[in-house]
Structures are given as structure tokens and as C-alpha cells.
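Shown below: upload-v1.pdb, with PDB, C-alpha atoms.
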ATOM      1  CA  MET K   1       0.000   0.000   0.000  1.00  0.00           C
ATOM      2  CA  ALA K   2       1.334   3.411  -0.982  1.00  0.00           C
ATOM      3  CA  LYS K   3       2.258   5.758   1.826  1.00  0.00           C
ATOM      4  CA  LYS K   4      -0.200   8.635   2.179  1.00  0.00           C
ATOM      5  CA  LYS K   5       1.126  12.079   1.372  1.00  0.00           C
ATOM      6  CA  ILE K   6       0.745  14.337   4.393  1.00  0.00           C
ATOM      7  CA  ASN K   7       0.892  18.132   4.317  1.00  0.00           C
ATOM      8  CA  ASN K   8       2.776  18.667   7.584  1.00  0.00           C
ATOM      9  CA  ASN K   9       2.306  22.440   7.484  1.00  0.00           C
ATOM     10  CA  ILE K  10      -1.488  22.093   7.406  1.00  0.00           C
ATOM     11  CA  LYS K  11      -1.314  19.336  10.030  1.00  0.00           C
ATOM     12  CA  SER K  12       0.793  21.536  12.345  1.00  0.00           C
ATOM     13  CA  HIS K  13      -1.271  24.690  11.758  1.00  0.00           C
ATOM     14  CA  TYR K  14      -4.729  23.202  11.319  1.00  0.00           C
ATOM     15  CA  ASP K  15      -6.379  26.012  13.283  1.00  0.00           C
ATOM     16  CA  THR K  16      -5.105  28.525  10.696  1.00  0.00           C
ATOM     17  CA  TYR K  17      -6.156  26.196   7.879  1.00  0.00           C
ATOM     18  CA  LYS K  18      -9.701  25.984   9.318  1.00  0.00           C
ATOM     19  CA  LYS K  19      -9.854  29.786   9.412  1.00  0.00           C
ATOM     20  CA  LEU K  20      -8.718  29.898   5.777  1.00  0.00           C
ATOM     21  CA  ILE K  21     -11.456  27.468   4.753  1.00  0.00           C
ATOM     22  CA  GLU K  22     -14.299  28.717   6.927  1.00  0.00           C
ATOM     23  CA  GLY K  23     -13.656  32.462   6.807  1.00  0.00           C
ATOM     24  CA  ASP K  24     -15.108  34.860   4.256  1.00  0.00           C
ATOM     25  CA  LYS K  25     -13.028  35.425   1.162  1.00  0.00           C
ATOM     26  CA  ASN K  26     -13.368  37.809  -1.781  1.00  0.00           C
ATOM     27  CA  ILE K  27     -12.166  37.391  -5.361  1.00  0.00           C
ATOM     28  CA  LEU K  28     -10.911  40.857  -6.271  1.00  0.00           C
ATOM     29  CA  ILE K  29     -11.236  40.805 -10.079  1.00  0.00           C
ATOM     30  CA  SER K  30     -14.425  40.342 -12.059  1.00  0.00           C
ATOM     31  CA  PRO K  31     -14.908  39.122 -14.698  1.00  0.00           C
ATOM     32  CA  ILE K  32     -12.045  36.634 -14.867  1.00  0.00           C
ATOM     33  CA  ILE K  33     -10.751  36.261 -18.417  1.00  0.00           C
ATOM     34  CA  VAL K  34      -9.066  32.852 -18.658  1.00  0.00           C
ATOM     35  CA  ASP K  35      -6.526  33.727 -21.338  1.00  0.00           C
ATOM     36  CA  GLN K  36      -3.118  32.344 -20.348  1.00  0.00           C
ATOM     37  CA  ILE K  37      -1.811  29.084 -21.818  1.00  0.00           C
ATOM     38  CA  ARG K  38      -0.294  26.813 -19.180  1.00  0.00           C
ATOM     39  CA  SER K  39       3.422  26.520 -19.937  1.00  0.00           C
ATOM     40  CA  ASN K  40       3.701  22.778 -19.266  1.00  0.00           C
ATOM     41  CA  HIS K  41       0.264  21.864 -20.681  1.00  0.00           C
ATOM     42  CA  LYS K  42      -0.541  23.649 -23.944  1.00  0.00           C
ATOM     43  CA  THR K  43      -4.187  22.425 -23.964  1.00  0.00           C
ATOM     44  CA  ILE K  44      -5.014  24.135 -20.663  1.00  0.00           C
ATOM     45  CA  LYS K  45      -5.873  27.811 -20.304  1.00  0.00           C
ATOM     46  CA  GLU K  46      -5.628  29.340 -16.853  1.00  0.00           C
ATOM     47  CA  LYS K  47      -5.829  32.582 -14.977  1.00  0.00           C
ATOM     48  CA  THR K  48      -4.778  33.462 -11.440  1.00  0.00           C
ATOM     49  CA  VAL K  49      -6.332  36.513  -9.830  1.00  0.00           C
ATOM     50  CA  PRO K  50      -5.938  38.061  -6.376  1.00  0.00           C
ATOM     51  CA  ALA K  51      -8.352  37.306  -3.569  1.00  0.00           C
ATOM     52  CA  LYS K  52      -8.471  38.331   0.073  1.00  0.00           C
ATOM     53  CA  HIS K  53      -9.385  36.636   3.331  1.00  0.00           C
ATOM     54  CA  GLU K  54     -11.482  38.960   5.451  1.00  0.00           C
ATOM     55  CA  ALA K  55     -10.554  37.803   8.974  1.00  0.00           C
ATOM     56  CA  LEU K  56      -6.925  36.851   8.439  1.00  0.00           C
ATOM     57  CA  LYS K  57      -6.173  39.751   6.072  1.00  0.00           C
ATOM     58  CA  GLU K  58      -4.147  37.279   4.025  1.00  0.00           C
ATOM     59  CA  GLU K  59      -3.571  37.721   0.319  1.00  0.00           C
ATOM     60  CA  LEU K  60      -4.950  34.751  -1.574  1.00  0.00           C
ATOM     61  CA  GLU K  61      -4.776  33.493  -5.135  1.00  0.00           C
ATOM     62  CA  PHE K  62      -7.793  32.171  -6.991  1.00  0.00           C
ATOM     63  CA  MET K  63      -7.031  30.118 -10.093  1.00  0.00           C
ATOM     64  CA  VAL K  64      -9.279  28.916 -12.883  1.00  0.00           C
ATOM     65  CA  GLN K  65      -8.044  26.252 -15.306  1.00  0.00           C
ATOM     66  CA  ILE K  66     -10.047  25.165 -18.358  1.00  0.00           C
ATOM     67  CA  LYS K  67      -9.140  22.451 -20.831  1.00  0.00           C
ATOM     68  CA  GLU K  68      -9.198  24.104 -24.242  1.00  0.00           C
ATOM     69  CA  ASP K  69     -10.679  21.141 -26.133  1.00  0.00           C
ATOM     70  CA  ASP K  70     -13.256  20.346 -23.412  1.00  0.00           C
ATOM     71  CA  PRO K  71     -14.793  23.377 -21.655  1.00  0.00           C
ATOM     72  CA  THR K  72     -16.586  21.064 -19.191  1.00  0.00           C
ATOM     73  CA  ASP K  73     -13.154  20.040 -17.808  1.00  0.00           C
ATOM     74  CA  PHE K  74     -12.077  22.784 -15.423  1.00  0.00           C
ATOM     75  CA  LYS K  75     -10.674  23.425 -11.958  1.00  0.00           C
ATOM     76  CA  PHE K  76     -11.043  26.167  -9.366  1.00  0.00           C
ATOM     77  CA  LYS K  77      -8.257  26.509  -6.787  1.00  0.00           C
ATOM     78  CA  LEU K  78      -7.557  28.689  -3.743  1.00  0.00           C
ATOM     79  CA  LYS K  79      -4.051  29.286  -2.410  1.00  0.00           C
ATOM     80  CA  CYS K  80      -2.575  31.350   0.414  1.00  0.00           C
ATOM     81  CA  PRO K  81       1.132  31.723  -0.475  1.00  0.00           C
ATOM     82  CA  SER K  82       2.054  33.176   2.928  1.00  0.00           C
ATOM     83  CA  PHE K  83       0.624  30.061   4.611  1.00  0.00           C
ATOM     84  CA  ASP K  84       1.511  27.179   2.288  1.00  0.00           C
ATOM     85  CA  ASN K  85       2.615  26.662  -1.304  1.00  0.00           C
ATOM     86  CA  CYS K  86      -0.184  24.176  -2.064  1.00  0.00           C
ATOM     87  CA  TYR K  87      -3.772  24.964  -2.981  1.00  0.00           C
ATOM     88  CA  PHE K  88      -5.747  24.683   0.242  1.00  0.00           C
ATOM     89  CA  PHE K  89      -9.128  24.145  -1.455  1.00  0.00           C
ATOM     90  CA  ARG K  90     -10.063  23.085  -4.966  1.00  0.00           C
ATOM     91  CA  TYR K  91     -12.771  21.835  -7.280  1.00  0.00           C
ATOM     92  CA  ASP K  92     -12.328  19.345 -10.144  1.00  0.00           C
ATOM     93  CA  SER K  93     -15.167  19.178 -12.681  1.00  0.00           C
ATOM     94  CA  ALA K  94     -13.824  16.175 -14.581  1.00  0.00           C
ATOM     95  CA  GLY K  95     -11.150  13.519 -14.428  1.00  0.00           C
ATOM     96  CA  THR K  96     -10.564  10.298 -12.595  1.00  0.00           C
ATOM     97  CA  TRP K  97     -12.033   9.083  -9.351  1.00  0.00           C
ATOM     98  CA  HIS K  98     -10.105   9.915  -6.214  1.00  0.00           C
ATOM     99  CA  ARG K  99      -9.693   7.452  -3.416  1.00  0.00           C
ATOM    100  CA  ASN K 100      -9.837   8.629   0.167  1.00  0.00           C
ATOM    101  CA  SER K 101      -7.913   5.823   1.794  1.00  0.00           C
ATOM    102  CA  ASN K 102      -8.451   7.132   5.298  1.00  0.00           C
ATOM    103  CA  LEU K 103      -9.655   4.299   7.514  1.00  0.00           C
ATOM    104  CA  ASP K 104     -11.952   6.702   9.418  1.00  0.00           C
ATOM    105  CA  ILE K 105     -14.027   7.203   6.249  1.00  0.00           C
ATOM    106  CA  PRO K 106     -16.710   4.602   5.496  1.00  0.00           C
ATOM    107  CA  ILE K 107     -15.775   2.289   2.604  1.00  0.00           C
ATOM    108  CA  ASP K 108     -18.670   3.539   0.448  1.00  0.00           C
ATOM    109  CA  GLN K 109     -17.262   7.079   0.618  1.00  0.00           C
ATOM    110  CA  GLN K 110     -13.642   6.212  -0.191  1.00  0.00           C
ATOM    111  CA  GLN K 111     -14.104   6.290  -4.000  1.00  0.00           C
ATOM    112  CA  VAL K 112     -15.182   9.799  -5.060  1.00  0.00           C
ATOM    113  CA  SER K 113     -16.080  10.438  -8.715  1.00  0.00           C
ATOM    114  CA  THR K 114     -15.836  13.848 -10.352  1.00  0.00           C
ATOM    115  CA  PRO K 115     -17.036  16.466  -9.994  1.00  0.00           C
ATOM    116  CA  HIS K 116     -15.773  16.906  -6.457  1.00  0.00           C
ATOM    117  CA  PHE K 117     -14.038  19.242  -4.031  1.00  0.00           C
ATOM    118  CA  HIS K 118     -10.693  18.750  -2.275  1.00  0.00           C
ATOM    119  CA  LYS K 119      -9.723  19.859   1.208  1.00  0.00           C
ATOM    120  CA  PHE K 120      -7.380  18.729   3.962  1.00  0.00           C
ATOM    121  CA  THR K 121      -8.150  16.864   7.164  1.00  0.00           C
ATOM    122  CA  GLN K 122      -6.688  17.574  10.597  1.00  0.00           C
ATOM    123  CA  THR K 123      -4.073  14.869   9.886  1.00  0.00           C
ATOM    124  CA  GLY K 124      -2.842  16.816   6.835  1.00  0.00           C
ATOM    125  CA  GLU K 125      -4.339  14.353   4.333  1.00  0.00           C
ATOM    126  CA  GLU K 126      -6.041  15.681   1.228  1.00  0.00           C
ATOM    127  CA  ILE K 127      -9.501  14.224   0.661  1.00  0.00           C
ATOM    128  CA  ALA K 128     -12.076  14.519  -2.098  1.00  0.00           C
ATOM    129  CA  TYR K 129     -15.754  14.982  -1.283  1.00  0.00           C
ATOM    130  CA  LYS K 130     -19.080  15.778  -2.902  1.00  0.00           C
ATOM    131  CA  THR K 131     -21.760  18.206  -1.829  1.00  0.00           C
ATOM    132  CA  GLU K 132     -25.455  17.304  -1.961  1.00  0.00           C
ATOM    133  CA  ILE K 133     -25.728  19.270  -5.217  1.00  0.00           C
ATOM    134  CA  LEU K 134     -22.870  17.260  -6.762  1.00  0.00           C
ATOM    135  CA  ASN K 135     -24.785  14.065  -6.000  1.00  0.00           C
ATOM    136  CA  ASP K 136     -27.835  15.271  -7.976  1.00  0.00           C
ATOM    137  CA  PRO K 137     -27.418  14.341 -11.690  1.00  0.00           C
ATOM    138  CA  ARG K 138     -29.711  17.172 -12.896  1.00  0.00           C
ATOM    139  CA  GLN K 139     -27.824  19.847 -10.986  1.00  0.00           C
ATOM    140  CA  VAL K 140     -24.421  18.419 -11.948  1.00  0.00           C
ATOM    141  CA  LYS K 141     -25.381  18.748 -15.618  1.00  0.00           C
ATOM    142  CA  ALA K 142     -25.949  22.504 -15.144  1.00  0.00           C
ATOM    143  CA  LEU K 143     -22.628  22.791 -13.297  1.00  0.00           C
ATOM    144  CA  GLU K 144     -20.749  21.648 -16.419  1.00  0.00           C
ATOM    145  CA  ASP K 145     -20.895  25.342 -17.354  1.00  0.00           C
ATOM    146  CA  VAL K 146     -17.894  27.014 -15.715  1.00  0.00           C
ATOM    147  CA  SER K 147     -19.816  30.306 -15.387  1.00  0.00           C
ATOM    148  CA  LEU K 148     -22.586  28.615 -13.386  1.00  0.00           C
ATOM    149  CA  CYS K 149     -20.294  26.339 -11.410  1.00  0.00           C
ATOM    150  CA  ILE K 150     -18.241  29.187  -9.992  1.00  0.00           C
ATOM    151  CA  ALA K 151     -21.293  30.127  -7.896  1.00  0.00           C
ATOM    152  CA  HIS K 152     -21.346  26.625  -6.350  1.00  0.00           C
ATOM    153  CA  PHE K 153     -17.594  26.806  -5.691  1.00  0.00           C
ATOM    154  CA  CYS K 154     -17.990  30.205  -4.035  1.00  0.00           C
ATOM    155  CA  MET K 155     -20.848  28.966  -1.869  1.00  0.00           C
ATOM    156  CA  GLU K 156     -18.869  25.913  -0.703  1.00  0.00           C
ATOM    157  CA  SER K 157     -15.663  27.897  -0.101  1.00  0.00           C
ATOM    158  CA  ASN K 158     -17.268  30.965   1.566  1.00  0.00           C
ATOM    159  CA  THR K 159     -16.008  33.168  -1.255  1.00  0.00           C
ATOM    160  CA  MET K 160     -17.669  36.226  -2.765  1.00  0.00           C
ATOM    161  CA  TYR K 161     -17.394  36.862  -6.507  1.00  0.00           C
ATOM    162  CA  ASN K 162     -19.297  39.512  -8.478  1.00  0.00           C
TER
END
Let me see whether you can do it: turn the structure in this file into C-alpha cells.
Amino acid sequence: MAKKKINNNIKSHYDTYKKLIEGDKNILISPIIVDQIRSNHKTIKEKTVPAKHEALKEELEFMVQIKEDDPTDFKFKLKCPSFDNCYFFRYDSAGTWHRNSNLDIPIDQQQVSTPHFHKFTQTGEEIAYKTEILNDPRQVKALEDVSLCIAHFCMESNTMYN
């Protein structure tokens, strides 16, 4: 069995991580024009814009990535560079299943299909999870539109976006 990758910074500073996740955040640029080609992946367009955490006064980065040949394949990511170099919260609209191999998670919840969110646990492990909306096939179909899905991401991540 492969050893689980642990983010020791998040594990050691989980109280700060919880504040990052739970606190109100604002994306500072609207609209976001996704117009940069990813240097190591020519089929992916991306854009990183500034965001702000209200309580912690931390500068954040909000990134959108969209696969050029499949606009239903996109990601939203939040990062706080002053806290950690990894994205602390993200959304994947498409791709492979993720396996949460944490023994504290019931077996039927260990395989998580896309679309899904990613966050970290108190042990520093990254897990994938679905919201109630992401388990509803009718609503998931509407969320294939990146412009509609950003509202669901913002709701789940406590982020404001005009």
C-alpha cells in the first residue's frame, strides 16, 4: 500500500487552515478572463487573480483552469502563499475518481467520482468529497458550465465573486 502524502504544514497549523477554509473570502477581479496558456500543458488555459481573506487579512490566489478542447473540464483553486505553497481548497469538474484511503471514512465514501471538491483533514491528508448538489445528476449537468459552477464553488468555499 502506498504511503499517504501528508501536508505537515497544514497538520501543524490546522487552526489557521480551518480559518482559511471557513472564513469569508473575496475574489478581487471580475470578470475573470481565462486567457493564459499553461506553460507545461498547452491544452489548458488558466488565470490566477488576487483574492483576500477577510478575517486573516491574508492575500490569496484564486485560479481557474479550463481544458481548451473540453470546456466542461475545469478546476477552481484557492491558495494562500504566505501560509503554504499548495492549494488549500479546490474543485475538479472532470477527471478520474479519487480514493480517500483514510480508515476513518466509510468504505462507500472512499471512492469519489468527479465532480468533487478537495480539502485537507486535521491529519494533513487531502480528501475529495461531494456536496449534496454534486450528488444530484440534474444539478451536476448545469454545473458543467464554468460560469454557473463558480457560484457553487464560491458557496462551498465561503467566497464572494461579483
Could you make a table, as JSON lines, of the residues of segment 76-112 of chain K that have an atom within 10 Å of an atom of segment 50-55 of chain K, each with its nearest atom pair and distance in Å to one decimal, counting all atoms listed in the file, in chain and number order?
{"residue": "K:Leu78", "atom": "CA", "partner": "K:Ala51", "partner_atom": "CA", "distance": 8.7}
{"residue": "K:Lys79", "atom": "CA", "partner": "K:Ala51", "partner_atom": "CA", "distance": 9.2}
{"residue": "K:Cys80", "atom": "CA", "partner": "K:His53", "partner_atom": "CA", "distance": 9.1}
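A search radius of 7 Å centred on (-17.9, 17.7, -18.1), applied to all atoms listed in the file, returns the residues Thr72, Asp73, Ser93, Ala94 and Glu144 of chain K.
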(message) Please determine, counting all atoms listed in the file, which residue among K:Leu134, K:Ile27, K:Ile21, K:Val146 has the shortest atom-to-atom distance to Ile66 of chain K.
(response) K:Val146
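Here atom CA of Ala142 of chain K stands at a distance of 14.1 Å from atom CA of Thr114 of chain K.
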Set up a box along x, y and z of the file covering all listed atoms of segment 29-43 of chain K, add 6 Å on every one of the six sides, and write the centre and edge lengths in Å to one decimal, as lines of an AutoDock Vina configuration file.
center_x = -5.6
center_y = 31.3
center_z = -17.0
size_x = 30.6
size_y = 30.9
size_z = 25.9
(message) Given only C-alpha atoms as the basis, pick out the residue of K:Tyr17, K:Asn7, K:Pro31, K:Thr43 nearest to Ser82 of chain K.
(response)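 Distance minimum relative to Ser82 of chain K lands on K:Tyr17.
Here the question is which of K:Met63, K:Gln111, K:Glu156, K:Asn85 gets nearest to Ile10 of chain K using all atoms listed in the file, and that residue is K:Asn85.
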(request) Around the point (1.9, 29.1, 5.3), in the coordinates given by the file, pick out the residues reaching within 12 Å, counting all atoms listed in the file, and return them as a ChimeraX atom specification. (result) /K:7-17,20,58-60,79-88
(request) Please write as a list in words the full residue list that the PyMOL selection byres ((chain K and resi 117-119) around 9) yields on this file. (result) Ile21, Tyr87, Phe88, Phe89, Arg90, Tyr91, Asp92, Ser93, Thr114, Pro115, His116, Phe120, Thr121, Glu125, Glu126, Ile127, Ala128, Tyr129, Lys130, Thr131, Phe153 and Glu156 of chain K
(message) Ranking K:Lys75, K:Lys67, K:Arg138, K:Lys5 by minimum distance to Thr48 of chain K and counting all atoms listed in the file, which one comes first?
(response)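 Looking only at the distances to Thr48 of chain K, the closest residue turns out to be K:Lys75.
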(message) Please compute the atom CA of Thr159 of chain K-atom CA of His98 of chain K distance, one decimal, in Å.
(response)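 Spanning atom CA of Thr159 of chain K to atom CA of His98 of chain K is a straight-line distance of 24.5 Å.
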(message) To one decimal place in Å, what is the distance between atom CA of Asn26 of chain K and atom CA of Met160 of chain K?
(response)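 Atom-to-atom, atom CA of Asn26 of chain K to atom CA of Met160 of chain K, that is 4.7 Å.
Comparing the minimum interatomic distances between Leu148 of chain K and each of K:Ser113, K:Glu61, K:Val34, K:Tyr161, counting only C-alpha atoms, we find that K:Tyr161 sits nearest.
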(request) Return the single residue from K:Leu28, K:Ala151, K:Ile44, K:Ile37 that is closest to Asp69 of chain K, with distances computed using all atoms listed in the file. (result) K:Ile44
